[in-house]
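One file, coords-v6.cif, is given below (mmCIF, C-alpha atoms).
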```cif
data_protein
loop_
_atom_site.label_atom_id
_atom_site.label_comp_id
_atom_site.auth_asym_id
_atom_site.auth_seq_id
_atom_site.Cartn_x
_atom_site.Cartn_y
_atom_site.Cartn_z
CA THR A 661 -6.70 266.11 -57.31
CA ARG A 662 -7.65 266.70 -53.76
CA VAL A 663 -5.49 265.29 -51.10
CA SER A 664 -6.99 264.50 -47.73
CA SER A 665 -5.21 264.96 -44.40
CA ASP A 666 -3.80 261.39 -44.63
CA GLY A 667 -1.91 262.16 -47.80
CA LYS A 668 -3.87 259.64 -49.91
CA PRO A 669 -6.33 260.83 -52.65
CA ALA A 670 -9.82 261.43 -51.19
CA LYS A 671 -12.50 258.87 -51.92
CA PHE A 672 -15.16 259.99 -54.39
CA GLN A 673 -18.23 261.18 -52.54
CA PRO A 674 -21.34 261.07 -54.74
CA PRO A 675 -23.61 264.12 -54.53
CA PRO A 676 -26.64 263.70 -52.19
CA LYS A 677 -29.69 262.23 -53.95
CA PRO A 678 -32.57 264.70 -54.53
CA VAL A 679 -35.63 263.90 -52.40
CA ILE A 680 -38.74 263.75 -54.60
CA ILE A 681 -41.91 264.58 -52.70
CA ASP A 682 -44.84 263.01 -54.58
CA LYS A 683 -47.63 265.38 -53.64
CA GLN A 684 -50.31 263.18 -55.16
CA LYS A 685 -49.50 260.27 -52.90
CA GLN A 686 -49.19 262.50 -49.93
CA ARG A 687 -52.65 263.88 -50.51
CA GLU A 688 -54.57 260.79 -49.49
CA GLU A 689 -53.16 257.40 -48.94
CA ARG A 690 -56.29 255.37 -49.17
CA ARG A 691 -56.54 252.86 -46.41
CA PHE A 692 -58.41 249.78 -47.37
CA LEU A 693 -58.52 246.94 -44.91
CA SER A 694 -60.02 243.76 -46.35
CA PRO A 695 -63.12 242.83 -44.34
CA GLU A 696 -61.81 239.35 -43.49
CA PHE A 697 -59.12 240.82 -41.23
CA ILE A 698 -61.68 242.21 -38.80
CA PRO A 699 -62.36 239.55 -36.14
CA PRO A 700 -66.01 238.71 -35.46
CA ARG A 701 -67.54 239.62 -32.14
CA GLY A 702 -67.12 236.83 -29.63
CA ARG A 703 -65.22 235.43 -26.72
CA THR A 704 -62.40 233.70 -28.61
CA ASP A 705 -58.81 234.43 -27.66
CA PRO A 706 -57.34 237.29 -29.75
CA LEU A 707 -54.20 235.14 -30.08
CA LYS A 708 -56.08 232.93 -32.55
CA PHE A 709 -56.85 235.93 -34.79
CA TYR A 710 -53.27 237.17 -34.47
CA ILE A 711 -51.86 233.86 -35.68
CA GLU A 712 -54.41 233.78 -38.52
CA ARG A 713 -53.48 237.32 -39.53
CA LYS A 714 -49.81 236.35 -39.67
CA ASP A 715 -50.66 233.50 -42.03
CA MET A 716 -52.85 235.78 -44.17
CA ILE A 717 -50.08 238.39 -44.45
CA GLN A 718 -47.62 235.64 -45.37
CA ARG A 719 -49.89 234.53 -48.20
CA ARG A 720 -50.42 238.13 -49.37
CA LYS A 721 -46.67 238.64 -49.64
CA VAL A 722 -46.41 235.74 -52.03
CA PHE A 723 -49.61 236.36 -53.99
CA ASN A 724 -51.15 239.76 -54.57
CA ILE A 725 -54.83 239.98 -53.60
CA PRO A 726 -56.13 243.26 -55.06
CA GLU A 727 -58.55 245.55 -53.32
CA PHE A 728 -62.09 244.76 -54.43
CA TYR A 729 -65.64 245.24 -53.22
CA VAL A 730 -68.97 243.63 -53.99
CA GLY A 731 -70.01 244.66 -57.50
CA HIS A 732 -66.55 244.48 -59.09
CA ILE A 733 -66.02 242.31 -62.12
CA LEU A 734 -63.14 239.90 -61.50
CA ALA A 735 -61.30 237.27 -63.51
CA VAL A 736 -59.91 234.39 -61.44
CA THR A 737 -57.48 231.77 -62.78
CA ALA A 738 -57.37 228.72 -60.54
CA ALA A 739 -55.34 225.52 -60.79
CA ASP A 740 -57.54 222.56 -61.66
CA PRO A 741 -56.15 219.04 -62.12
CA TYR A 742 -59.05 218.14 -64.39
CA ALA A 743 -58.90 221.11 -66.77
CA ASN A 744 -56.93 221.44 -70.01
CA ASP A 745 -53.73 223.39 -69.31
CA LYS A 746 -54.38 222.55 -65.63
CA ALA A 747 -55.80 226.08 -65.15
CA SER A 748 -59.38 227.35 -65.42
CA ARG A 749 -60.35 231.00 -65.82
CA PHE A 750 -63.69 232.39 -64.67
CA VAL A 751 -64.98 235.92 -65.13
CA GLY A 752 -67.86 237.22 -63.06
CA ILE A 753 -69.33 239.90 -60.83
CA CYS A 754 -68.64 239.57 -57.14
CA ILE A 755 -72.02 239.20 -55.42
CA GLN A 756 -70.97 238.39 -51.88
CA ARG A 757 -67.91 238.41 -49.65
CA GLY A 758 -68.20 236.14 -46.65
CA GLY A 759 -66.15 234.43 -43.99
CA LYS A 760 -63.42 235.80 -41.74
CA GLY A 761 -59.76 234.96 -41.48
CA LEU A 762 -58.24 232.36 -43.77
CA GLY A 763 -61.64 230.98 -44.78
CA ALA A 764 -62.71 234.21 -46.44
CA THR A 765 -64.71 233.56 -49.61
CA PHE A 766 -66.19 235.57 -52.44
CA VAL A 767 -68.85 234.44 -54.89
CA LEU A 768 -68.57 235.32 -58.59
CA ARG A 769 -71.59 235.14 -60.85
CA ASN A 770 -71.89 235.11 -64.63
CA VAL A 771 -74.41 233.94 -67.21
CA ILE A 772 -72.83 231.73 -69.90
CA GLU A 773 -74.98 230.49 -72.79
CA ASP A 774 -78.21 231.39 -70.95
CA GLN A 775 -77.11 229.38 -67.90
CA GLY A 776 -76.35 231.23 -64.68
CA VAL A 777 -73.18 229.97 -63.00
CA GLU A 778 -71.86 230.96 -59.58
CA ILE A 779 -68.52 229.90 -58.13
CA CYS A 780 -67.54 230.44 -54.49
CA TYR A 781 -63.78 231.01 -54.37
CA GLU A 782 -61.67 231.06 -51.23
CA LEU A 783 -59.35 234.09 -51.13
CA TYR A 784 -56.46 232.29 -49.43
CA ASN A 785 -56.72 229.00 -51.28
CA PRO A 786 -53.31 228.11 -52.75
CA ARG A 787 -55.02 226.76 -55.88
CA ILE A 788 -55.82 230.31 -56.99
CA GLN A 789 -53.13 231.54 -59.37
CA ALA A 790 -54.30 235.04 -60.27
CA ILE A 791 -57.06 237.51 -59.45
CA GLU A 792 -57.52 240.43 -61.87
CA VAL A 793 -59.96 243.25 -61.37
CA LEU A 794 -61.55 243.93 -64.75
CA LYS A 795 -63.97 246.66 -63.77
CA LEU A 796 -64.06 248.63 -60.57
CA GLU A 797 -67.44 249.79 -59.47
CA LYS A 798 -69.32 249.58 -56.23
CA ARG A 799 -73.03 248.96 -56.12
CA LEU A 800 -75.70 250.32 -53.82
CA ASP A 801 -75.82 247.12 -51.76
CA ASP A 802 -73.38 244.92 -49.89
CA ASN A 803 -74.96 241.70 -51.10
CA LEU A 804 -76.04 241.21 -54.68
CA MET A 805 -77.77 237.86 -54.18
CA TYR A 806 -80.88 239.35 -55.79
CA LEU A 807 -79.14 239.09 -59.16
CA ARG A 808 -80.31 235.47 -59.20
CA ASP A 809 -83.90 236.69 -59.49
CA ALA A 810 -83.11 239.61 -61.77
CA LEU A 811 -83.26 239.46 -65.55
CA PRO A 812 -80.23 237.57 -66.88
CA GLU A 813 -78.93 240.61 -68.81
CA TYR A 814 -77.77 242.15 -65.51
CA SER A 815 -75.49 239.20 -64.76
CA THR A 816 -73.98 238.61 -68.21
CA PHE A 817 -70.40 239.72 -68.62
CA ASP A 818 -68.12 239.05 -71.55
CA VAL A 819 -65.52 236.40 -70.76
CA ASN A 820 -62.89 238.10 -72.91
CA MET A 821 -63.53 241.55 -71.53
CA LYS A 822 -60.46 243.82 -71.33
CA PRO A 823 -59.62 245.40 -67.97
CA VAL A 824 -61.06 248.91 -67.81
CA SER A 825 -58.26 251.36 -67.08
CA ARG A 826 -58.63 253.74 -64.15
CA LEU A 827 -56.93 257.12 -63.98
CA ASP A 828 -58.15 258.29 -60.60
CA HIS A 829 -56.60 256.35 -57.76
CA ASP A 830 -58.78 257.88 -55.14
CA GLU A 831 -62.42 257.11 -55.56
CA ILE A 832 -64.27 254.01 -56.68
CA PRO A 833 -67.39 254.94 -58.67
CA VAL A 834 -70.73 253.81 -57.28
CA ASN A 835 -73.09 252.39 -59.88
CA LYS A 836 -76.62 253.47 -58.94
CA LEU A 837 -78.16 250.93 -61.24
CA GLN A 838 -81.72 249.86 -60.38
CA VAL A 839 -82.11 246.29 -61.50
CA ARG A 840 -85.34 244.92 -63.00
CA MET A 841 -86.51 241.60 -61.67
CA LYS A 842 -88.12 238.53 -63.13
CA PRO A 843 -91.76 237.97 -62.16
CA LYS A 844 -92.32 236.63 -58.66
CA PRO A 845 -91.76 234.09 -56.95
CA TRP A 846 -88.18 234.98 -56.02
CA SER A 847 -85.77 232.92 -53.96
CA LYS A 848 -86.05 235.43 -51.11
CA ARG A 849 -88.62 238.16 -50.53
CA TRP A 850 -86.30 240.98 -51.47
CA GLU A 851 -88.93 243.70 -50.92
CA ARG A 852 -88.85 243.10 -47.15
CA PRO A 853 -86.94 245.70 -45.06
CA LYS A 854 -84.80 242.93 -43.49
CA TYR A 855 -82.67 242.80 -46.64
CA ASN A 856 -82.58 246.59 -47.04
CA ILE A 857 -81.96 246.49 -50.77
CA LYS A 858 -81.67 249.75 -52.65
CA GLY A 859 -80.61 248.45 -56.01
CA ILE A 860 -83.89 246.95 -57.24
CA LYS A 861 -86.58 248.74 -59.20
CA PHE A 862 -89.64 247.25 -57.53
CA GLU A 863 -92.52 247.14 -59.96
CA LEU A 864 -94.86 245.66 -57.35
CA PRO A 865 -98.19 247.29 -56.51
CA GLU A 866 -98.22 249.73 -53.57
CA LYS A 867 -100.32 247.31 -51.53
CA LYS A 868 -97.53 244.68 -51.62
CA MET A 869 -94.87 247.20 -50.66
CA LYS A 870 -96.93 248.37 -47.67
CA GLU A 871 -97.56 244.77 -46.65
CA ALA A 872 -93.82 244.10 -46.76
CA GLN A 873 -93.23 247.00 -44.35
CA LYS A 874 -95.20 245.04 -41.74
CA TRP A 875 -92.03 243.00 -41.16
CA SER A 876 -89.87 246.05 -40.53
CA GLN A 877 -88.09 246.14 -37.17
CA PRO A 878 -87.31 249.84 -36.62
CA TRP A 879 -85.98 249.14 -33.11
CA LEU A 880 -83.04 247.11 -34.46
CA GLU A 881 -80.85 250.12 -35.25
CA PHE A 882 -81.19 251.40 -31.70
CA ASP A 883 -80.42 248.05 -30.09
CA MET A 884 -77.31 248.61 -28.00
CA LEU A 885 -76.46 244.97 -27.46
CA ARG A 886 -76.07 244.48 -31.21
CA GLU A 887 -73.60 247.34 -31.57
CA TYR A 888 -70.14 246.33 -32.74
CA ASP A 889 -67.86 249.31 -33.15
CA THR A 890 -64.94 248.22 -35.26
CA SER A 891 -63.17 251.57 -35.81
CA LYS A 892 -60.53 251.14 -33.09
CA ILE A 893 -59.95 247.48 -33.89
CA GLU A 894 -59.59 248.40 -37.57
CA GLU A 895 -57.00 251.09 -36.78
CA LYS A 896 -54.87 248.66 -34.82
CA ILE A 897 -55.12 245.90 -37.38
CA TRP A 898 -54.47 248.34 -40.26
CA LYS A 899 -51.23 249.52 -38.63
CA GLU A 900 -50.12 245.96 -37.94
CA VAL A 901 -50.95 244.71 -41.44
CA SER A 902 -49.41 247.64 -43.34
CA GLU A 903 -46.19 247.41 -41.34
CA GLU A 904 -45.85 243.70 -41.97
CA LEU A 905 -46.59 244.06 -45.68
CA LYS A 906 -43.96 246.76 -46.15
CA LYS A 907 -41.20 244.50 -44.81
CA GLN B 348 -109.86 227.85 -56.01
CA GLY B 349 -107.81 225.01 -54.62
CA LEU B 350 -104.17 224.57 -55.52
CA LEU B 351 -103.41 226.19 -58.87
CA ARG B 352 -100.31 224.41 -60.04
CA ARG B 353 -98.54 226.14 -62.86
CA SER B 354 -97.45 223.62 -65.46
CA VAL B 355 -93.70 224.19 -65.76
CA SER B 356 -92.67 223.00 -69.18
CA HIS B 357 -88.97 222.59 -69.98
CA SER B 358 -89.46 224.43 -73.26
CA PHE B 359 -89.52 227.79 -71.43
CA LEU B 360 -86.11 229.33 -70.96
CA SER B 361 -86.84 230.93 -67.59
CA PHE B 362 -87.08 228.05 -65.18
CA ALA B 363 -89.75 229.06 -62.69
CA SER B 364 -89.44 226.77 -59.70
CA ILE B 365 -92.27 226.40 -57.25
CA THR B 366 -90.22 224.72 -54.54
CA GLY B 367 -86.93 226.15 -53.31
CA ALA B 368 -83.61 224.41 -53.81
CA CYS B 369 -83.68 221.01 -52.10
CA GLN B 370 -80.82 218.59 -51.48
CA ALA B 371 -79.49 218.43 -55.07
CA ILE B 372 -81.32 215.89 -57.26
CA GLN B 373 -83.52 213.18 -55.81
CA LYS B 374 -86.72 211.35 -56.74
CA LEU B 375 -89.40 213.55 -58.31
CA THR B 376 -87.14 216.57 -58.98
CA ARG B 377 -87.86 218.32 -62.23
CA VAL B 378 -84.70 218.61 -64.31
CA ARG B 379 -83.62 220.41 -67.42
CA VAL B 380 -82.16 218.42 -70.30
CA VAL B 381 -79.29 220.37 -71.85
CA ASP B 382 -78.20 218.37 -74.87
CA ASN B 383 -79.74 218.66 -78.34
CA SER B 384 -81.46 215.27 -78.41
CA THR B 385 -85.00 215.09 -79.82
CA LEU B 386 -86.30 213.34 -76.71
CA GLY B 387 -85.02 216.12 -74.50
CA ASN B 388 -86.12 219.07 -76.63
CA THR B 389 -89.59 218.21 -77.94
CA PRO B 390 -92.21 219.94 -75.75
CA TYR B 391 -94.48 217.81 -73.59
CA HIS B 392 -97.15 218.80 -71.12
CA ARG B 393 -95.12 217.36 -68.22
CA PRO B 394 -91.51 218.30 -67.41
CA PRO B 395 -88.88 215.53 -67.23
CA LYS B 396 -88.68 214.18 -63.67
CA CYS B 397 -86.18 212.02 -61.86
CA ILE B 398 -87.61 208.70 -60.68
CA HIS B 399 -84.50 206.94 -59.34
CA VAL B 400 -80.95 207.85 -58.38
CA TYR B 401 -78.24 205.18 -58.85
CA ASN B 402 -76.51 205.92 -55.61
CA LYS B 403 -76.26 204.52 -52.08
CA THR B 404 -78.10 207.60 -50.80
CA GLY B 405 -81.06 208.75 -52.87
CA VAL B 406 -79.41 212.15 -53.48
CA GLY B 407 -77.68 212.80 -56.77
CA LYS B 408 -74.76 215.20 -57.19
CA VAL B 409 -72.69 216.09 -60.27
CA GLY B 410 -71.51 212.93 -62.00
CA ASP B 411 -74.27 210.61 -60.74
CA LYS B 412 -76.56 208.58 -62.98
CA ILE B 413 -80.31 208.92 -62.58
CA LEU B 414 -83.42 207.49 -64.22
CA LEU B 415 -85.59 210.08 -65.90
CA ALA B 416 -89.23 209.94 -66.97
CA ILE B 417 -89.56 211.89 -70.25
CA LYS B 418 -92.58 211.81 -72.55
CA GLY B 419 -93.87 208.69 -70.89
CA GLU B 420 -90.55 206.83 -71.37
CA LYS B 421 -87.79 205.89 -68.97
CA LYS B 422 -84.30 207.08 -69.86
CA LYS B 423 -81.02 207.16 -67.97
CA ALA B 424 -79.27 210.50 -67.57
CA LEU B 425 -76.13 212.03 -66.12
CA ILE B 426 -76.25 215.00 -63.75
CA VAL B 427 -74.03 217.83 -64.94
CA GLY B 428 -75.02 220.58 -62.55
CA HIS B 429 -77.39 221.33 -59.73
CA LYS B 430 -78.71 224.32 -57.80
CA MET B 431 -77.32 223.17 -54.48
CA PRO B 432 -73.95 224.71 -53.52
CA GLY B 433 -71.22 222.09 -53.54
CA PRO B 434 -67.57 222.15 -52.39
CA SER B 435 -65.85 225.52 -52.76
CA MET B 436 -64.21 226.31 -56.12
CA THR B 437 -66.89 224.21 -57.90
CA PRO B 438 -69.60 225.91 -59.97
CA ARG B 439 -73.22 226.13 -58.85
CA PHE B 440 -75.76 226.37 -61.63
CA ASP B 441 -79.09 228.18 -61.66
CA SER B 442 -80.96 225.08 -62.84
CA ASN B 443 -80.61 221.32 -62.38
CA ASN B 444 -78.93 220.22 -65.60
CA VAL B 445 -78.92 216.72 -66.97
CA VAL B 446 -77.60 214.98 -70.12
CA LEU B 447 -79.50 212.00 -71.58
CA ILE B 448 -77.43 208.84 -71.72
CA GLU B 449 -77.79 205.23 -72.89
CA ASP B 450 -77.28 202.20 -70.66
CA ASN B 451 -73.68 201.77 -71.84
CA GLY B 452 -72.79 205.41 -71.19
CA ASN B 453 -73.12 206.82 -74.71
CA PRO B 454 -74.82 210.21 -74.89
CA VAL B 455 -78.05 210.45 -76.87
CA GLY B 456 -77.53 214.02 -78.16
CA THR B 457 -74.71 215.33 -80.30
CA ARG B 458 -73.95 218.73 -78.77
CA ILE B 459 -74.03 220.31 -75.32
CA LYS B 460 -74.10 224.08 -75.34
CA THR B 461 -74.38 224.79 -71.60
CA PRO B 462 -71.16 224.87 -69.53
CA ILE B 463 -70.07 221.61 -67.88
CA PRO B 464 -67.95 221.50 -64.72
CA TYR B 465 -64.41 220.15 -65.03
CA ILE B 466 -64.96 217.70 -62.15
CA LEU B 467 -66.71 215.26 -64.50
CA ARG B 468 -63.32 214.36 -65.94
CA ARG B 469 -62.43 212.55 -62.76
CA ARG B 470 -64.37 209.44 -63.72
CA GLY B 471 -63.13 208.14 -67.05
CA GLU B 472 -66.40 206.54 -68.07
CA TYR B 473 -67.95 209.88 -69.14
CA SER B 474 -65.32 210.80 -71.73
CA LYS B 475 -67.88 210.47 -74.56
CA VAL B 476 -70.20 212.99 -72.88
CA LEU B 477 -67.31 215.39 -72.32
CA ALA B 478 -66.27 215.04 -75.95
CA ILE B 479 -69.56 216.54 -77.17
CA ALA B 480 -69.48 219.37 -74.63
CA ARG B 481 -68.55 222.82 -75.93
CA ASN B 482 -67.99 224.98 -72.87
CA PHE B 483 -66.36 224.03 -69.61
CA VAL B 484 -66.45 225.89 -66.32
#
```
Please express what this file holds, its structure, as structure tokens.
Amino acid sequence: TRVSSDGKPAKFQPPPKPVIIDKQKQREERRFLSPEFIPPRGRTDPLKFYIERKDMIQRRKVFNIPEFYVGHILAVTAADPYANDKASRFVGICIQRGGKGLGATFVLRNVIEDQGVEICYELYNPRIQAIEVLKLEKRLDDNLMYLRDALPEYSTFDVNMKPVSRLDHDEIPVNKLQVRMKPKPWSKRWERPKYNIKGIKFELPEKKMKEAQKWSQPWLEFDMLREYDTSKIEEKIWKEVSEELKK
Amino acid sequence: QGLLRRSVSHSFLSFASITGACQAIQKLTRVRVVDNSTLGNTPYHRPPKCIHVYNKTGVGKVGDKILLAIKGEKKKALIVGHKMPGPSMTPRFDSNNVVLIEDNGNPVGTRIKTPIPYILRRRGEYSKVLAIARNFV
């Protein structure tokens, strides 16, 4: 046995741990910042958004909110005092994500027994017990409200659907599905350029499509007062949020 | 030509509405009867319409009783879902759904296939309607 300079037997020194470099993770750490973290343009004090962000991060530490976009199929279990087992589960496609800060909402749509049902859930509501992403796929648009006027087959999703497994952790597939609509009238005139919808297969006559272009406002994209560049704000908030979440 | 009003019969599955969504259910709204009663399902040339809402305000939400005019008769009904968005975490349906009911609260039909919101359980007087419902949302 080794004897140290003191005369007592030397303490066992474990060998240094091998450092494993995971090259896959190093390749691209995908940064996804949920859209409700980005503050809206206005003259409110940034302190208000900072305090809200702290509360949002606190909630995210306790309850995992997965990354999801419009077009994903989610299953949400929420606590309900009036339901059997006190919990109700709803499966649906996310058609819209709205609100900023703690009031951020997302609307799920499904067609059950030929009846279209939409539920607007609040992301940070403590009544929500679990959010599972069943199918990851982005759509061509940010807002799928036109599914209300589309044929019901495009909004039906099986309630007992199993989560589709994903091997690639890098890219989310974009579904370039062109949806067929019910005959007009629709709840909104989706053919107008104001909505800028790419995911509908318009079977309207050419005359109607040209007439809809009368309402186009091509000067809007060049309007400088409407510009809101969020890249720098996003960088700052992303650093802040990821540091807090790692703690 | 004048005003060509399409006759919207409740026997069609696709509910084509001429007016947009108004403030939930009030007088003269066309509704859709969802139970399997004969009165609600036999086709008629006029859709069932609401003629009175038993409420302080004339606007009916989920769980309110209304008076319906079906096939030339007056019948009470219970609202089980409307097109207007309600409080968050509650479902919003694509059509104004209604279940036919007697004066004492007993449902006329024997089965309800369409989903019913859980909030109806709050008032204990509708337990008989909830007992015949199959799906809940």
Report task. Find the residues in chain A near chain B: any atom within 8 Å counts, using only C-alpha atoms. Write them as a ChimeraX atom specification. Result -> /A:742-743,748-750,772-782,808,845,847
Using the chain letters and numbers from the file, which residues does the PyMOL selection byres ((chain A and resi 816) around 12) grab, as a tab-separated table (two decimals) with C-alpha atoms, keeping the file's coordinate frame?
```tsv
chain	number	residue	atom	x	y	z
A	733	ILE	CA	-66.02	242.31	-62.12
A	751	VAL	CA	-64.98	235.92	-65.13
A	752	GLY	CA	-67.86	237.22	-63.06
A	753	ILE	CA	-69.33	239.90	-60.83
A	768	LEU	CA	-68.57	235.32	-58.59
A	769	ARG	CA	-71.59	235.14	-60.85
A	770	ASN	CA	-71.89	235.11	-64.63
A	771	VAL	CA	-74.41	233.94	-67.21
A	772	ILE	CA	-72.83	231.73	-69.90
A	773	GLU	CA	-74.98	230.49	-72.79
A	774	ASP	CA	-78.21	231.39	-70.95
A	775	GLN	CA	-77.11	229.38	-67.90
A	776	GLY	CA	-76.35	231.23	-64.68
A	777	VAL	CA	-73.18	229.97	-63.00
A	778	GLU	CA	-71.86	230.96	-59.58
A	807	LEU	CA	-79.14	239.09	-59.16
A	808	ARG	CA	-80.31	235.47	-59.20
A	810	ALA	CA	-83.11	239.61	-61.77
A	811	LEU	CA	-83.26	239.46	-65.55
A	812	PRO	CA	-80.23	237.57	-66.88
A	813	GLU	CA	-78.93	240.61	-68.81
A	814	TYR	CA	-77.77	242.15	-65.51
A	815	SER	CA	-75.49	239.20	-64.76
A	817	PHE	CA	-70.40	239.72	-68.62
A	818	ASP	CA	-68.12	239.05	-71.55
A	819	VAL	CA	-65.52	236.40	-70.76
A	821	MET	CA	-63.53	241.55	-71.53
```
Report task. Using CA of Arg691 (chain A) and CA of Lys760 (chain A) as the two end points, give the distance in Å to one decimal. Result -> 19.0 Å
**Report entry** Atom pair CA of Lys907 (chain A) / CA of Gly763 (chain A): separation (Å)
**Finding:** 24.5 Å
Report summary line: Atom pair CA of Lys854 (chain A) + CA of Ser891 (chain A), distance 24.5 Å
What's around Ser694 (chain A) at 12 Å? Count all atoms listed in the file, leave out sequence neighbours fewer than 5 positions away in its own chain, and write the answer as a short mmCIF file (atom, residue, chain, number, x, y, z; two decimals) with C-alpha atoms, in the coordinates of the input.
```cif
data_model
loop_
_atom_site.label_atom_id
_atom_site.label_comp_id
_atom_site.auth_asym_id
_atom_site.auth_seq_id
_atom_site.Cartn_x
_atom_site.Cartn_y
_atom_site.Cartn_z
CA PRO A 699 -62.36 239.55 -36.14
CA ARG A 713 -53.48 237.32 -39.53
CA MET A 716 -52.85 235.78 -44.17
CA ILE A 717 -50.08 238.39 -44.45
CA ARG A 720 -50.42 238.13 -49.37
CA ILE A 725 -54.83 239.98 -53.60
CA PRO A 726 -56.13 243.26 -55.06
CA GLU A 727 -58.55 245.55 -53.32
CA PHE A 728 -62.09 244.76 -54.43
CA TYR A 729 -65.64 245.24 -53.22
CA VAL A 730 -68.97 243.63 -53.99
CA ARG A 757 -67.91 238.41 -49.65
CA GLY A 758 -68.20 236.14 -46.65
CA GLY A 759 -66.15 234.43 -43.99
CA LYS A 760 -63.42 235.80 -41.74
CA GLY A 761 -59.76 234.96 -41.48
CA LEU A 762 -58.24 232.36 -43.77
CA ALA A 764 -62.71 234.21 -46.44
CA THR A 765 -64.71 233.56 -49.61
CA PHE A 766 -66.19 235.57 -52.44
CA LEU A 783 -59.35 234.09 -51.13
CA GLU A 894 -59.59 248.40 -37.57
CA ILE A 897 -55.12 245.90 -37.38
CA TRP A 898 -54.47 248.34 -40.26
CA VAL A 901 -50.95 244.71 -41.44
CA SER A 902 -49.41 247.64 -43.34
#
```
Query - Picked residues, the PyMOL selection byres ((chain B and resi 404) around 12), as a PyMOL selection string - result: chain B and resi 370-374+399-403+405-408+411
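Among B:Val476, B:Glu449, B:Thr389, B:Ser384, the residue with the shortest atom-to-atom distance to Ile413 (chain B), counting all atoms listed in the file, is B:Glu449.
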Starting from the shown file, work through the PyMOL selection byres ((chain B and resi 453) around 10) and note down what comes out as a PDB file with C-alpha atoms, keeping the file's coordinate frame.
```pdb
ATOM      1  CA  LEU B 447     -79.500 212.000 -71.580  1.00  0.00           C
ATOM      2  CA  ILE B 448     -77.430 208.840 -71.720  1.00  0.00           C
ATOM      3  CA  GLU B 449     -77.790 205.230 -72.890  1.00  0.00           C
ATOM      4  CA  ASP B 450     -77.280 202.200 -70.660  1.00  0.00           C
ATOM      5  CA  ASN B 451     -73.680 201.770 -71.840  1.00  0.00           C
ATOM      6  CA  GLY B 452     -72.790 205.410 -71.190  1.00  0.00           C
ATOM      7  CA  PRO B 454     -74.820 210.210 -74.890  1.00  0.00           C
ATOM      8  CA  VAL B 455     -78.050 210.450 -76.870  1.00  0.00           C
ATOM      9  CA  GLY B 456     -77.530 214.020 -78.160  1.00  0.00           C
ATOM     10  CA  GLU B 472     -66.400 206.540 -68.070  1.00  0.00           C
ATOM     11  CA  TYR B 473     -67.950 209.880 -69.140  1.00  0.00           C
ATOM     12  CA  SER B 474     -65.320 210.800 -71.730  1.00  0.00           C
ATOM     13  CA  LYS B 475     -67.880 210.470 -74.560  1.00  0.00           C
ATOM     14  CA  VAL B 476     -70.200 212.990 -72.880  1.00  0.00           C
TER      15      VAL B 476
END
```
Report task. Just the residues within 8 Å of Ala739 (chain A), please, counting all atoms listed in the file, with nothing from its chain fewer than 2 positions along; format it as an NGL selection string. Result -> :A and (737 or 741 or 746-748 or 787-789)
**Report entry** Top pick for closest residue to Leu804 (chain A), considering A:Lys858, A:Arg849, A:Lys671, A:Lys721 and counting only C-alpha atoms
**Finding:** A:Lys858
